[in-house]
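Here is start18.txt, consisting of compact mmCIF, N, CA and C atoms and all ligand atoms:
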```
# COMPACT_ATOMS: atom_id res chain seq x y z
N MET Q 210 157.97 168.41 -134.31
CA MET Q 210 158.35 168.92 -132.98
C MET Q 210 159.86 168.82 -132.77
N ASN Q 211 160.44 169.84 -132.12
CA ASN Q 211 161.89 169.86 -131.86
C ASN Q 211 162.31 168.74 -130.94
N ASN Q 212 161.50 168.55 -129.92
CA ASN Q 212 161.87 167.65 -128.85
C ASN Q 212 161.54 166.21 -129.21
N SER Q 213 162.15 165.74 -130.31
CA SER Q 213 161.85 164.40 -130.81
C SER Q 213 163.13 163.62 -130.95
N ILE Q 214 163.09 162.36 -130.56
CA ILE Q 214 164.27 161.52 -130.76
C ILE Q 214 163.89 160.28 -131.57
N LYS Q 215 164.86 159.81 -132.33
CA LYS Q 215 164.69 158.58 -133.08
C LYS Q 215 165.57 157.52 -132.45
N VAL Q 216 164.95 156.41 -132.14
CA VAL Q 216 165.63 155.35 -131.40
C VAL Q 216 165.43 154.03 -132.14
N THR Q 217 166.47 153.21 -132.16
CA THR Q 217 166.33 151.86 -132.73
C THR Q 217 166.36 150.83 -131.60
N ALA Q 218 165.73 149.71 -131.85
CA ALA Q 218 165.70 148.63 -130.86
C ALA Q 218 165.73 147.30 -131.60
N ALA Q 219 166.30 146.30 -130.95
CA ALA Q 219 166.48 144.99 -131.61
C ALA Q 219 165.51 143.95 -131.07
N VAL Q 220 164.89 143.25 -131.99
CA VAL Q 220 164.08 142.07 -131.65
C VAL Q 220 164.93 140.87 -132.05
N ILE Q 221 165.53 140.24 -131.05
CA ILE Q 221 166.43 139.11 -131.29
C ILE Q 221 165.76 137.85 -130.74
N ILE Q 222 165.46 136.91 -131.63
CA ILE Q 222 164.77 135.69 -131.20
C ILE Q 222 165.68 134.49 -131.44
N GLU Q 223 165.87 133.71 -130.39
CA GLU Q 223 166.64 132.46 -130.49
C GLU Q 223 165.90 131.40 -129.69
N ASN Q 224 165.78 130.22 -130.23
CA ASN Q 224 165.13 129.11 -129.51
C ASN Q 224 163.77 129.51 -128.93
N GLN Q 225 162.96 130.19 -129.75
CA GLN Q 225 161.60 130.59 -129.36
C GLN Q 225 161.57 131.61 -128.23
N ARG Q 226 162.69 132.24 -127.97
CA ARG Q 226 162.72 133.25 -126.90
C ARG Q 226 163.28 134.55 -127.44
N VAL Q 227 162.75 135.64 -126.90
CA VAL Q 227 163.19 136.97 -127.34
C VAL Q 227 164.04 137.61 -126.23
N LEU Q 228 165.05 138.35 -126.67
CA LEU Q 228 165.96 138.99 -125.71
C LEU Q 228 165.37 140.33 -125.26
N ILE Q 229 165.23 140.49 -123.96
CA ILE Q 229 164.80 141.78 -123.41
C ILE Q 229 165.83 142.22 -122.38
N THR Q 230 165.96 143.54 -122.23
CA THR Q 230 166.97 144.08 -121.30
C THR Q 230 166.30 145.07 -120.37
N GLN Q 231 166.86 145.17 -119.17
CA GLN Q 231 166.30 146.08 -118.18
C GLN Q 231 167.23 147.27 -118.00
N ARG Q 232 166.69 148.47 -118.08
CA ARG Q 232 167.50 149.68 -117.94
C ARG Q 232 168.03 149.80 -116.51
N ALA Q 233 169.19 150.40 -116.39
CA ALA Q 233 169.78 150.61 -115.07
C ALA Q 233 168.89 151.55 -114.27
N ALA Q 234 168.93 151.42 -112.95
CA ALA Q 234 168.06 152.21 -112.07
C ALA Q 234 168.30 153.71 -112.23
N HIS Q 235 169.56 154.10 -112.46
CA HIS Q 235 169.90 155.53 -112.52
C HIS Q 235 169.65 156.15 -113.90
N ASP Q 236 169.31 155.34 -114.89
CA ASP Q 236 169.04 155.85 -116.24
C ASP Q 236 167.64 156.46 -116.32
N ALA Q 237 167.43 157.22 -117.40
CA ALA Q 237 166.06 157.64 -117.71
C ALA Q 237 165.22 156.37 -117.85
N MET Q 238 164.00 156.41 -117.38
CA MET Q 238 163.12 155.23 -117.41
C MET Q 238 163.78 154.04 -116.71
N GLY Q 239 164.40 154.35 -115.58
CA GLY Q 239 165.14 153.35 -114.82
C GLY Q 239 164.31 152.12 -114.49
N GLU Q 240 164.94 150.99 -114.70
CA GLU Q 240 164.38 149.66 -114.39
C GLU Q 240 163.25 149.22 -115.32
N LYS Q 241 162.91 150.05 -116.30
CA LYS Q 241 161.94 149.59 -117.30
C LYS Q 241 162.62 148.55 -118.19
N TRP Q 242 161.82 147.63 -118.70
CA TRP Q 242 162.32 146.67 -119.66
C TRP Q 242 162.20 147.25 -121.05
N GLU Q 243 163.08 146.82 -121.94
CA GLU Q 243 163.11 147.37 -123.30
C GLU Q 243 163.74 146.35 -124.24
N PHE Q 244 163.79 146.73 -125.49
CA PHE Q 244 164.57 145.99 -126.46
C PHE Q 244 165.86 146.78 -126.64
N PRO Q 245 167.01 146.12 -126.58
CA PRO Q 245 168.27 146.86 -126.56
C PRO Q 245 168.45 147.71 -127.83
N GLY Q 246 169.07 148.85 -127.65
CA GLY Q 246 169.30 149.76 -128.78
C GLY Q 246 169.59 151.14 -128.26
N GLY Q 247 169.33 152.16 -129.07
CA GLY Q 247 169.59 153.52 -128.61
C GLY Q 247 169.34 154.55 -129.68
N LYS Q 248 169.76 155.76 -129.39
CA LYS Q 248 169.46 156.91 -130.25
C LYS Q 248 170.30 156.90 -131.53
N ILE Q 249 169.66 157.25 -132.62
CA ILE Q 249 170.36 157.36 -133.90
C ILE Q 249 171.18 158.65 -133.89
N GLU Q 250 172.48 158.52 -134.25
CA GLU Q 250 173.35 159.69 -134.29
C GLU Q 250 173.26 160.35 -135.66
N PRO Q 251 173.62 161.64 -135.74
CA PRO Q 251 173.52 162.33 -137.03
C PRO Q 251 174.29 161.58 -138.12
N GLY Q 252 173.65 161.42 -139.26
CA GLY Q 252 174.30 160.78 -140.42
C GLY Q 252 174.32 159.27 -140.37
N GLU Q 253 173.76 158.70 -139.33
CA GLU Q 253 173.81 157.25 -139.15
C GLU Q 253 172.52 156.61 -139.70
N THR Q 254 172.65 155.47 -140.34
CA THR Q 254 171.44 154.73 -140.73
C THR Q 254 170.91 154.02 -139.48
N PRO Q 255 169.61 153.71 -139.46
CA PRO Q 255 169.07 152.97 -138.31
C PRO Q 255 169.79 151.64 -138.10
N GLN Q 256 170.12 150.97 -139.20
CA GLN Q 256 170.78 149.67 -139.08
C GLN Q 256 172.18 149.81 -138.46
N ALA Q 257 172.92 150.83 -138.92
CA ALA Q 257 174.27 151.05 -138.37
C ALA Q 257 174.18 151.43 -136.90
N CYS Q 258 173.17 152.22 -136.57
CA CYS Q 258 172.96 152.62 -135.17
C CYS Q 258 172.75 151.39 -134.30
N LEU Q 259 171.87 150.52 -134.76
CA LEU Q 259 171.52 149.36 -133.94
C LEU Q 259 172.72 148.41 -133.79
N GLN Q 260 173.45 148.24 -134.88
CA GLN Q 260 174.65 147.41 -134.80
C GLN Q 260 175.64 147.98 -133.78
N ARG Q 261 175.84 149.30 -133.82
CA ARG Q 261 176.75 149.96 -132.90
C ARG Q 261 176.25 149.82 -131.45
N GLU Q 262 174.97 150.08 -131.24
CA GLU Q 262 174.43 150.02 -129.88
C GLU Q 262 174.55 148.61 -129.29
N LEU Q 263 174.30 147.60 -130.11
CA LEU Q 263 174.37 146.22 -129.59
C LEU Q 263 175.80 145.87 -129.21
N GLN Q 264 176.75 146.39 -129.99
CA GLN Q 264 178.15 146.16 -129.67
C GLN Q 264 178.54 146.91 -128.40
N GLU Q 265 178.15 148.18 -128.31
CA GLU Q 265 178.51 149.00 -127.14
C GLU Q 265 177.85 148.48 -125.86
N GLU Q 266 176.59 148.15 -125.94
CA GLU Q 266 175.83 147.85 -124.72
C GLU Q 266 175.93 146.39 -124.30
N LEU Q 267 176.05 145.50 -125.27
CA LEU Q 267 176.00 144.06 -124.95
C LEU Q 267 177.23 143.29 -125.44
N GLY Q 268 178.12 143.96 -126.15
CA GLY Q 268 179.33 143.29 -126.63
C GLY Q 268 179.06 142.21 -127.68
N ILE Q 269 177.97 142.37 -128.42
CA ILE Q 269 177.68 141.38 -129.46
C ILE Q 269 177.71 142.01 -130.85
N VAL Q 270 178.14 141.21 -131.81
CA VAL Q 270 178.09 141.63 -133.21
C VAL Q 270 176.83 141.01 -133.80
N ALA Q 271 175.95 141.87 -134.31
CA ALA Q 271 174.67 141.38 -134.80
C ALA Q 271 174.45 141.83 -136.24
N GLU Q 272 173.68 141.01 -136.94
CA GLU Q 272 173.23 141.40 -138.27
C GLU Q 272 171.81 141.93 -138.11
N VAL Q 273 171.60 143.15 -138.55
CA VAL Q 273 170.27 143.75 -138.45
C VAL Q 273 169.48 143.36 -139.69
N CYS Q 274 168.27 142.84 -139.49
CA CYS Q 274 167.48 142.29 -140.61
C CYS Q 274 166.34 143.24 -140.97
N ASP Q 275 165.11 142.82 -140.73
CA ASP Q 275 163.94 143.58 -141.22
C ASP Q 275 163.36 144.52 -140.17
N LEU Q 276 162.70 145.56 -140.69
CA LEU Q 276 161.94 146.45 -139.81
C LEU Q 276 160.73 145.66 -139.31
N PHE Q 277 160.58 145.55 -138.01
CA PHE Q 277 159.48 144.77 -137.43
C PHE Q 277 158.27 145.66 -137.10
N ALA Q 278 158.54 146.81 -136.49
CA ALA Q 278 157.45 147.71 -136.11
C ALA Q 278 158.02 149.09 -135.80
N VAL Q 279 157.21 150.11 -136.00
CA VAL Q 279 157.60 151.47 -135.60
C VAL Q 279 156.54 151.97 -134.62
N SER Q 280 157.00 152.49 -133.51
CA SER Q 280 156.09 153.01 -132.50
C SER Q 280 156.40 154.48 -132.25
N GLN Q 281 155.39 155.31 -132.33
CA GLN Q 281 155.56 156.74 -132.01
C GLN Q 281 154.85 156.97 -130.70
N HIS Q 282 155.54 157.65 -129.79
CA HIS Q 282 154.92 157.85 -128.48
C HIS Q 282 155.32 159.22 -127.94
N ALA Q 283 154.38 159.88 -127.28
CA ALA Q 283 154.66 161.18 -126.64
C ALA Q 283 154.86 160.94 -125.15
N TYR Q 284 156.12 161.02 -124.70
CA TYR Q 284 156.40 161.04 -123.27
C TYR Q 284 156.23 162.47 -122.78
N PRO Q 285 156.10 162.69 -121.49
CA PRO Q 285 155.93 164.07 -121.01
C PRO Q 285 157.07 165.00 -121.47
N GLN Q 286 158.30 164.51 -121.52
CA GLN Q 286 159.45 165.37 -121.83
C GLN Q 286 159.86 165.37 -123.30
N PHE Q 287 159.48 164.37 -124.05
CA PHE Q 287 159.91 164.29 -125.45
C PHE Q 287 159.04 163.30 -126.22
N ASN Q 288 159.14 163.43 -127.54
CA ASN Q 288 158.48 162.46 -128.42
C ASN Q 288 159.51 161.47 -128.91
N ILE Q 289 159.08 160.26 -129.09
CA ILE Q 289 160.01 159.23 -129.57
C ILE Q 289 159.42 158.52 -130.78
N GLU Q 290 160.31 158.26 -131.75
CA GLU Q 290 159.97 157.32 -132.81
C GLU Q 290 160.89 156.12 -132.61
N LEU Q 291 160.28 155.03 -132.21
CA LEU Q 291 161.04 153.83 -131.86
C LEU Q 291 160.88 152.79 -132.97
N SER Q 292 161.99 152.50 -133.65
CA SER Q 292 161.95 151.53 -134.76
C SER Q 292 162.59 150.23 -134.31
N ALA Q 293 161.80 149.18 -134.34
CA ALA Q 293 162.29 147.86 -133.91
C ALA Q 293 162.62 147.02 -135.14
N TYR Q 294 163.84 146.52 -135.16
CA TYR Q 294 164.31 145.66 -136.25
C TYR Q 294 164.60 144.27 -135.71
N THR Q 295 164.30 143.27 -136.52
CA THR Q 295 164.76 141.94 -136.15
C THR Q 295 166.27 141.90 -136.36
N ALA Q 296 166.95 141.12 -135.55
CA ALA Q 296 168.41 141.02 -135.66
C ALA Q 296 168.85 139.63 -135.23
N VAL Q 297 170.03 139.25 -135.71
CA VAL Q 297 170.60 137.93 -135.42
C VAL Q 297 172.00 138.13 -134.85
N ILE Q 298 172.30 137.46 -133.75
CA ILE Q 298 173.63 137.56 -133.16
C ILE Q 298 174.59 136.71 -133.99
N ARG Q 299 175.67 137.32 -134.45
CA ARG Q 299 176.66 136.60 -135.26
C ARG Q 299 177.88 136.19 -134.43
N SER Q 300 178.27 137.02 -133.48
CA SER Q 300 179.41 136.65 -132.64
C SER Q 300 179.40 137.48 -131.36
N GLY Q 301 180.23 137.07 -130.44
CA GLY Q 301 180.36 137.79 -129.19
C GLY Q 301 179.62 137.10 -128.06
N GLN Q 302 180.14 137.31 -126.88
CA GLN Q 302 179.54 136.76 -125.65
C GLN Q 302 178.81 137.92 -124.97
N MET Q 303 177.54 137.74 -124.71
CA MET Q 303 176.77 138.86 -124.17
C MET Q 303 177.26 139.27 -122.78
N THR Q 304 177.55 140.55 -122.65
CA THR Q 304 178.01 141.15 -121.39
C THR Q 304 177.19 142.43 -121.18
N LEU Q 305 176.71 142.64 -119.95
CA LEU Q 305 175.89 143.83 -119.72
C LEU Q 305 176.78 145.03 -119.37
N HIS Q 306 176.99 145.92 -120.35
CA HIS Q 306 177.81 147.11 -120.12
C HIS Q 306 177.00 148.26 -119.53
N THR Q 307 175.71 148.32 -119.84
CA THR Q 307 174.90 149.45 -119.34
C THR Q 307 173.61 148.99 -118.65
N HIS Q 308 173.15 147.80 -118.97
CA HIS Q 308 171.86 147.36 -118.43
C HIS Q 308 172.00 146.71 -117.06
N LYS Q 309 170.85 146.66 -116.37
CA LYS Q 309 170.80 146.00 -115.06
C LYS Q 309 170.61 144.50 -115.22
N ASP Q 310 169.86 144.11 -116.24
CA ASP Q 310 169.55 142.70 -116.40
C ASP Q 310 169.19 142.43 -117.87
N ALA Q 311 169.27 141.18 -118.24
CA ALA Q 311 168.84 140.75 -119.58
C ALA Q 311 168.26 139.36 -119.44
N ARG Q 312 167.19 139.10 -120.18
CA ARG Q 312 166.57 137.77 -120.11
C ARG Q 312 166.09 137.34 -121.49
N TRP Q 313 166.10 136.03 -121.67
CA TRP Q 313 165.49 135.44 -122.86
C TRP Q 313 164.13 134.93 -122.40
N VAL Q 314 163.06 135.47 -122.97
CA VAL Q 314 161.72 135.10 -122.51
C VAL Q 314 160.87 134.63 -123.69
N THR Q 315 159.90 133.78 -123.36
CA THR Q 315 158.96 133.35 -124.40
C THR Q 315 158.01 134.51 -124.68
N LEU Q 316 157.38 134.48 -125.83
CA LEU Q 316 156.47 135.58 -126.19
C LEU Q 316 155.30 135.64 -125.20
N ASP Q 317 154.90 134.50 -124.66
CA ASP Q 317 153.82 134.47 -123.66
C ASP Q 317 154.20 135.23 -122.39
N GLU Q 318 155.48 135.24 -122.08
CA GLU Q 318 155.93 135.89 -120.83
C GLU Q 318 156.08 137.41 -120.95
N LEU Q 319 156.13 137.91 -122.18
CA LEU Q 319 156.41 139.34 -122.39
C LEU Q 319 155.50 140.28 -121.58
N PRO Q 320 154.18 140.02 -121.54
CA PRO Q 320 153.31 140.95 -120.81
C PRO Q 320 153.58 141.01 -119.30
N LEU Q 321 154.39 140.08 -118.79
CA LEU Q 321 154.70 140.09 -117.35
C LEU Q 321 155.74 141.14 -116.99
N PHE Q 322 156.39 141.72 -118.01
CA PHE Q 322 157.48 142.67 -117.75
C PHE Q 322 157.00 144.11 -117.95
N ASP Q 323 157.55 145.00 -117.13
CA ASP Q 323 157.15 146.40 -117.16
C ASP Q 323 157.98 147.15 -118.22
N PHE Q 324 157.46 147.20 -119.43
CA PHE Q 324 158.15 147.86 -120.54
C PHE Q 324 157.88 149.36 -120.53
N SER Q 325 158.81 150.11 -121.15
CA SER Q 325 158.56 151.54 -121.40
C SER Q 325 157.31 151.66 -122.26
N ALA Q 326 156.59 152.77 -122.08
CA ALA Q 326 155.29 152.92 -122.76
C ALA Q 326 155.41 152.80 -124.28
N ALA Q 327 156.47 153.34 -124.85
CA ALA Q 327 156.62 153.31 -126.31
C ALA Q 327 156.75 151.89 -126.85
N ASP Q 328 157.12 150.97 -125.99
CA ASP Q 328 157.33 149.57 -126.43
C ASP Q 328 156.04 148.77 -126.52
N ARG Q 329 154.98 149.29 -125.94
CA ARG Q 329 153.77 148.45 -125.81
C ARG Q 329 153.23 147.94 -127.15
N PRO Q 330 153.16 148.80 -128.20
CA PRO Q 330 152.68 148.26 -129.49
C PRO Q 330 153.61 147.17 -130.05
N ILE Q 331 154.89 147.30 -129.75
CA ILE Q 331 155.86 146.30 -130.25
C ILE Q 331 155.66 144.98 -129.50
N VAL Q 332 155.48 145.10 -128.19
CA VAL Q 332 155.21 143.91 -127.38
C VAL Q 332 153.91 143.24 -127.85
N GLN Q 333 152.92 144.06 -128.11
CA GLN Q 333 151.62 143.53 -128.55
C GLN Q 333 151.76 142.79 -129.88
N LYS Q 334 152.52 143.40 -130.81
CA LYS Q 334 152.69 142.75 -132.10
C LYS Q 334 153.45 141.42 -131.94
N LEU Q 335 154.43 141.42 -131.04
CA LEU Q 335 155.20 140.19 -130.82
C LEU Q 335 154.35 139.09 -130.21
N THR Q 336 153.50 139.45 -129.27
CA THR Q 336 152.69 138.42 -128.62
C THR Q 336 151.69 137.80 -129.58
N SER Q 337 151.36 138.51 -130.65
CA SER Q 337 150.43 137.93 -131.63
C SER Q 337 151.16 137.36 -132.84
N THR Q 338 152.49 137.21 -132.72
CA THR Q 338 153.31 136.66 -133.80
C THR Q 338 153.57 135.18 -133.54
N THR Q 339 153.62 134.40 -134.59
CA THR Q 339 153.97 133.00 -134.46
C THR Q 339 155.46 132.85 -134.81
N ILE Q 340 156.22 132.24 -133.90
CA ILE Q 340 157.65 132.04 -134.22
C ILE Q 340 158.00 130.55 -134.21
N1 LIG Q 401 167.01 151.36 -126.36
C1 LIG Q 401 165.71 151.54 -126.15
N2 LIG Q 401 165.28 152.75 -125.74
C2 LIG Q 401 163.96 152.88 -125.55
C3 LIG Q 401 163.05 151.82 -125.77
N3 LIG Q 401 161.79 152.26 -125.47
C4 LIG Q 401 161.89 153.56 -125.08
O1 LIG Q 401 160.98 154.30 -124.75
N4 LIG Q 401 163.24 153.94 -125.13
C5 LIG Q 401 163.71 155.28 -124.78
C6 LIG Q 401 164.56 155.32 -123.55
C7 LIG Q 401 165.45 156.52 -123.79
O2 LIG Q 401 164.78 157.68 -123.31
C8 LIG Q 401 165.54 156.62 -125.29
C9 LIG Q 401 166.89 156.33 -125.88
O3 LIG Q 401 167.35 155.10 -125.47
P1 LIG Q 401 168.83 154.86 -124.85
O4 LIG Q 401 168.91 155.42 -123.49
O5 LIG Q 401 169.01 153.39 -125.04
O6 LIG Q 401 169.78 155.68 -125.79
P2 LIG Q 401 171.34 155.43 -125.95
O7 LIG Q 401 171.61 153.95 -125.87
O8 LIG Q 401 171.74 156.15 -127.20
O9 LIG Q 401 171.97 156.03 -124.64
P3 LIG Q 401 172.71 157.42 -124.32
O10 LIG Q 401 173.95 157.42 -125.15
O11 LIG Q 401 171.73 158.50 -124.69
O12 LIG Q 401 172.95 157.31 -122.85
O13 LIG Q 401 164.55 155.75 -125.82
C10 LIG Q 401 163.53 150.56 -126.19
O14 LIG Q 401 162.79 149.58 -126.39
N5 LIG Q 401 164.87 150.46 -126.36
MG MG Q 402 170.54 152.20 -125.12
```

Give the structure from the file, written as C-alpha cells.
Amino acid sequence: MNNSIKVTAAVIIENQRVLITQRAAHDAMGEKWEFPGGKIEPGETPQACLQRELQEELGIVAEVCDLFAVSQHAYPQFNIELSAYTAVIRSGQMTLHTHKDARWVTLDELPLFDFSAADRPIVQKLTSTTI
C-alpha cells in the first residue's frame, strides 16, 4: 500500500523502568503515550533513524541495540510498520523538545497509560518480559 510509513521506537530500560513519552496535544495522535522515535527517512537505516530521533526529540545520545518487536497496524489514514529496538543512553541530559511528558515506569504500570494502537503488541510483549 502507498499510504504506509515505517517508524522506529526505542525501548530504553534503566533501573527496572522503561522510558515512555507522551505526544504533544497538537500532534497527530495527540497526548497518546509512545516509545520515542519517528519516521525513517529515505536511505536511512532504522538504527540511524532512531539514534537521530532520540537526539532531536530528547537530546540524548543512545546506542541502538536489538530489534525487540515489530508491530504492523492499519490506522484509518495510513498503515504503519513500527519497529521497536532496545537502546541504551550513552550521554546527554534528557530534555523534552517535542513531547508533552516523559516518564520512567515499571513494566507493571505500562497498561495504565493510553498508548497509540500500534504500540499495544509491544506493550504486551514488554509486560510479559522479565527484566
Ligand atoms: N515515535 C513513535 N511514533 C509512533 C508510535 N506509535 C505510533 O503509532 N506512532 C505513530 C505516530 C505518528 O503518526 C508516526 C510517526 O511518528 P512521529 O510523529 O514520532 O514521527 P517523527 O518523529 O518523524 O515526526 P515528524 O518529523 O513527522 O513530525 O508513528 C511510537 O511508539 N513511537
Ligand atoms: Mg517522533

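Proximity of Q:Gln286, Q:Asn224, Q:Thr217, Q:Thr336 to ligand LIG 401 (chain Q), computed with only N, CA and C atoms and all ligand atoms, is greatest for Q:Thr217.
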
Region 237-326 of chain Q: which residues are helix (DSSP H, G or I) by DSSP, as a count of residues only? 20

What do you get as JSON, numbers by chain if you pick all residues at most 6.5 Å from ligand MG 402 (chain Q), counting all atoms listed in the file? {"Q": [245, 246, 247, 248]}

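Using only N, CA and C atoms and all ligand atoms, residues with at least one atom at most 6.5 Å away from any atom of ligand LIG 401 (chain Q) are Q:Val216, Q:Thr217, Q:Ala218, Q:Ala219, Q:Ala237, Q:Met238, Q:Trp242, Q:Glu243, Q:Phe244, Q:Pro245, Q:Gly246, Q:Gly247, Q:Lys248, Q:Ile249, Q:Glu262, Q:Ser325, Q:Ala326, Q:Ala327, Q:Asp328.
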
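Shortest atom-to-atom contact with Asn211 (chain Q) among Q:Val279, Q:Ala234, Q:Asn288, Q:Leu259: Q:Asn288, counting only N, CA and C atoms.
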
Between CA of Val270 (chain Q) and CA of Leu316 (chain Q), measure the distance and give it in Å to one decimal. 23.5 Å

What's the 7 Å shell around Val273 (chain Q), counting all atoms listed in the file, without same-chain residues fewer than 6 positions away, as JSON, numbers by chain? {"Q": [256, 260, 294, 295, 296, 297]}

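Across the model, the gap from atom N of Arg261 (chain Q) to atom N of Asp310 (chain Q) is 19.3 Å.
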
For Gly268 (chain Q), the nearest of the candidates Q:Met303, Q:Val332, Q:Ala311, Q:Ala283, counting all atoms listed in the file: Q:Met303

What parts of region 215-336 of chain Q does DSSP call strand (DSSP E or B)? I'd like the answer as a PyMOL selection string. chain Q and resi 215-223+226-231+242-243+246-248+270-283+288-300+310-314+324

Which residue gives the smallest distance to Arg329 (chain Q) among Q:Thr307, Q:Arg226, Q:Ser280, Q:Arg299, with only N, CA and C atoms counted? Q:Ser280

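The shortest atom-to-atom distance to Glu266 (chain Q), with only N, CA and C atoms taken into account, belongs to Q:Leu305 out of Q:Ile340, Q:Val220, Q:Leu321, Q:Leu305.
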
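For the pair CA of Ile331 (chain Q) and CA of Asn212 (chain Q), the interatomic distance is 22.2 Å.
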
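Across Q:Phe324, Q:Ser213, Q:Leu267, Q:Gly301, the tightest approach to Tyr284 (chain Q) is made by Q:Ser213 when counting only C-alpha atoms.
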
Taking all atoms of region 331-335 of chain Q that the file lists, what box with edges along x, y and z, padded by 4 Å per side, do you get, with centre and edge lengths in Å to one decimal, as lines of an AutoDock Vina configuration file?
```
center_x = 153.7
center_y = 143.2
center_z = -129.7
size_x = 12.2
size_y = 16.2
size_z = 12.7
```
